[in-house]
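Take a look at the structure set out below.
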Amino acid sequence: MGSQGRSGLPGNGGPGEGEDEGGEARKLQEGRVARGKRRKGKGRAGARQGGSGRGAEGRPEPQRAKGAAGRGAEAAARAGPGEEGEGGGSVEEGARRSVRGDEASAGAGKEAEGRDDGQEERRVRTGRREDASPGRAEGREAEAWGGIAGAGAALVAEAEEEAAAREPPGRPAAGPALWRLPEELLLLICSYLDMRALGRLAQVCRWLRRFTSCDLLWRRIARASLNSGFSRLGTDLMASVPVKERVKVSQNWKLGRCREGILLKWRCSQMPWMQLEGDSLYISQANFILAYQFRPDGASLNRQPLGVFAGHDEDVCHFVLANSHIISAGGDGKIGVHKIHSTFTVKYSAHEQEVNCVDCKGGIIVSGSRDRTAKVWSLASGRLGQCLHTIQTEDRVWSIAVSPLLSSFVTGTACCRHFSPLRIWDLNSGQLMTHLGSDFPPGAGVLDLMYESPFTLLSCGYDTYVRYWDLRASVRKCVMEWEEPHDSTLYCLQTDGNHLLATGSSYYGVVRLWDRRQRACLHAFPLTSTPLSSPVYCLRFTTKHLYAALSYNLHILDFQNP
């Protein structure tokens with residue numbers, strides 16, 4: 001180390017020459033010291049920005065840096081192989097060595113040796129390795145830039161890790177041999193797992209979490225769940241929503257977990273009816289039909305209605321949405337036809353008394369009235385308001401529905417006569433085809449009914465029963481029935497097309513949920529108290545929310561955020 005400190009630059013000679021030249025040597029020495037300090041400050045700034053790195057990994061030093069530190073590099077190259085391992089190999093150290101050589105004093109050499117030892121100890125503590133190859137001045141020069149290059153490599157590696165985290169995780173390279181099977185076989189194996197097992201499997205790694213979110217694995221579970229968007233035949237009614245998310249919400253329907261709220265209120269008692277279409281809600285209030293738009297959460301409405309449809313002189317009893325039209329039945333005995341996206345409105349006299357019900361499919365309108373008749377109308381523009389058939393039912397008609405095959409329609413009457421309140425009529429000729437059931441008690445009027453498929457339908461009414469009919473099995477006896485526990489009239493019903501059934505009763509605004517695979521009621525939600533007891537006149541629901549229309553307000557049951 002002492003010899004390294006005494007070695008000078010080429011042409012400077014030994015210590016004796018430095019003493020003879022005197023003032024000139026002193027000036028040269030001061031200039032070199034100043035230049036060395038400037039280069040040392042720049043080196044430290046680069047190290048702070050770029051960190052540390054090896055000379056072999058750093059980029060070559062620019063030409064101007066080589067010229068500025070050439071003398072120091074040559075002096076370092078003159079040091080022997082044994083001295084090079086202790087010398088350090090940076091540009092600043094080369095400059096310092098040249099200065100020490102010009103001073104040419106033994107004390108200065110010892111001081112330089114001590115500094116070099118301290119510098120090496122610091123390098124050892126930080127885990128940095130120096131290039132100890134003899135005679136490689138370029139490696140030592142590149143050492144000054146190794147910190148910047150090493151920091152750049154660290155930043156690149158960190159950016160690659162972040163990009164990999166954003167990308168879909170790949171299949172694990174290591175693990176059980178099961179994960180290395182083709183995805184088709186894995187799907188088949190995992191299709192035998194239940195909901196709980198799939199949920200635990202998704203917690204193993206990111207790749208399995210993505211794999212177990214596949215709709216194919218949850219389709220079988222969703223078809224067995226309540227209100228998951230699948231019909232009895234397996235048709236996906238909500239293909240835009242992931243099946244796994246729907247299964248999660250369906251557990252809230254099964255357990256009865258929901259949050260109750262009120263969407264709308266009105267001052268006087270009414271008998272509202274409503275329909276849903278996309279993100280819009282249509283509800284009747286007195287002789288108007290108002291259209292509201294849901295907010296993105298589906299649990300609230302924009303207070304300003306999108307449209308108001310009028311035309312009846314008395315209350316709207318019933319209405320349906322069909323072919324961008326609103327077909328409404330009023331207490332004034334008239335039928336109204338409204339264009340949803342325009343101000344076009346036509347109304348015509350249809351019955352002598354109030355029109356209790358109406359339905360429309362395939363350009364055909366059927367209506368039922370208190371005047372004991374049912375009529376068939378055309379929706380075509382050239383024949384609008386023209387009656388095609390008039391059917392004498394000999395009883396007040398409370399409900400009506402057209403078959404999906406457009407070949408027949410069914411009427412639900414007050415059951416004041418000695419025949420069944422459910423009768424099926426031919427849509428083309430108006431002739432009676434058959435009647436359903438044979439054991440209805442007198443007064444067991446049917447207040448609501450709906451086709452679930454061309455051969456199955458549901459009905460409910462004053463006899464406090466929900467009945468499920470399958471025309472392929474029998475027309476004399478229903479396939480299954482569910483009884484209201486509190487012997488209350490059932491005003492309305494709604495189904496998800498699969499396992500879930502919802503009914504609204506006449507006392508205290510009770511909404512009941514039924515699992516059609518069971519006889520007993522699943523859950524009951526009373527929406528009113530004793531002073532404001534009201535029937536539930538209409539029910540509608542989606543996979544996340546249930547809406548119930550009562551005398552004074554519109555209630556919502558939020559199953560997505562209970």
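FYI, nothing fancy with the structure tokens labels: chains A, B, ... in order, residues from 1 per chain, ligands from 1 as they appear.
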
*Check segment 261-431 of chain A with DSSP on the backbone and list each residue it calls strand (DSSP E or B), as a VMD selection string.*
chain A and resid 261 to 265 274 to 277 280 to 285 288 to 294 301 307 to 309 316 to 322 325 to 330 334 to 339 345 to 349 355 to 361 364 to 369 373 to 378 387 to 392 397 to 402 408 to 413 422 to 426

*What's the 7 Å shell around segment 479-483 of chain A, counting only C-alpha atoms, without same-chain residues fewer than 3 positions away, as a list of chain:residue names?*
A:Thr464, A:Tyr465, A:Val466, A:Arg467, A:Tyr468, A:Trp469, A:Asp470, A:Arg519

_Near-Ser407 of chain A list (10 Å; only C-alpha atoms; drop same-chain fewer than 4 positions) as a VMD selection string_ = chain A and resid 402 to 403 425 to 429 454

*For Cys521 of chain A, which residue out of A:Gly199, A:Gly412, A:Gly256, A:Gly445 is the nearest one, using only C-alpha atoms?*
A:Gly256

_as a PyMOL selection string, please: the residues near Gly311 of chain A (cut-off 8 Å, only C-alpha atoms, same-chain neighbours under 5 positions excluded)._
chain A and resi 287-288+336+345-347

Save the residues we just selected, C-alpha atoms, as a PDB file, in the first residue's frame?
ATOM      1  CA  ASN A 287    -104.534   7.492 -14.457  1.00  0.00           C
ATOM      2  CA  PHE A 288    -100.838   7.957 -15.413  1.00  0.00           C
ATOM      3  CA  GLY A 336    -104.532   2.735 -24.446  1.00  0.00           C
ATOM      4  CA  THR A 345    -100.963   7.670 -27.872  1.00  0.00           C
ATOM      5  CA  VAL A 346    -104.190   6.026 -29.036  1.00  0.00           C
ATOM      6  CA  LYS A 347    -107.089   4.985 -26.842  1.00  0.00           C
TER       7      LYS A 347
END

*Per DSSP on the backbone, filter segment 223-351 of chain A down to the residues in helix (DSSP H, G or I) and report them as a PyMOL selection string.*
chain A and resi 223+243-255

Restricted to C-alpha atoms, what would the selected residues look like written as a PDB file, in the first residue's frame?
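The resulting selection_24.pdb:
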ATOM      1  CA  ARG A 223     -78.870 -23.977 -12.129  1.00  0.00           C
ATOM      2  CA  VAL A 243     -72.068 -16.809 -13.185  1.00  0.00           C
ATOM      3  CA  LYS A 244     -69.890 -16.889 -10.071  1.00  0.00           C
ATOM      4  CA  GLU A 245     -71.127 -13.448  -9.002  1.00  0.00           C
ATOM      5  CA  ARG A 246     -74.741 -14.516  -9.465  1.00  0.00           C
ATOM      6  CA  VAL A 247     -74.196 -17.607  -7.336  1.00  0.00           C
ATOM      7  CA  LYS A 248     -72.834 -15.399  -4.542  1.00  0.00           C
ATOM      8  CA  VAL A 249     -75.946 -13.216  -4.583  1.00  0.00           C
ATOM      9  CA  SER A 250     -78.220 -16.259  -4.781  1.00  0.00           C
ATOM     10  CA  GLN A 251     -77.008 -17.322  -1.348  1.00  0.00           C
ATOM     11  CA  ASN A 252     -78.538 -14.132   0.059  1.00  0.00           C
ATOM     12  CA  TRP A 253     -81.887 -15.065  -1.510  1.00  0.00           C
ATOM     13  CA  LYS A 254     -81.623 -18.516   0.009  1.00  0.00           C
ATOM     14  CA  LEU A 255     -80.764 -17.204   3.491  1.00  0.00           C
TER      15      LEU A 255
END

*Separation of atom CA of Ser228 of chain A and atom CA of Pro242 of chain A, in Å?*
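So the answer is 10.3 Å.
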
*Excluding same-chain residues fewer than 2 positions from Ala350 of chain A, what lies within 8 Å of it counting only C-alpha atoms, as a VMD selection string?*
chain A and resid 333 to 335 348 352 355

*Compile the contact shell of Tyr552 of chain A as JSON, numbers by chain: residues with an atom at most 8 Å away, counting only C-alpha atoms, same-chain residues fewer than 2 positions apart removed.*
{"A": [265, 266, 267, 268, 269, 270, 550, 554]}
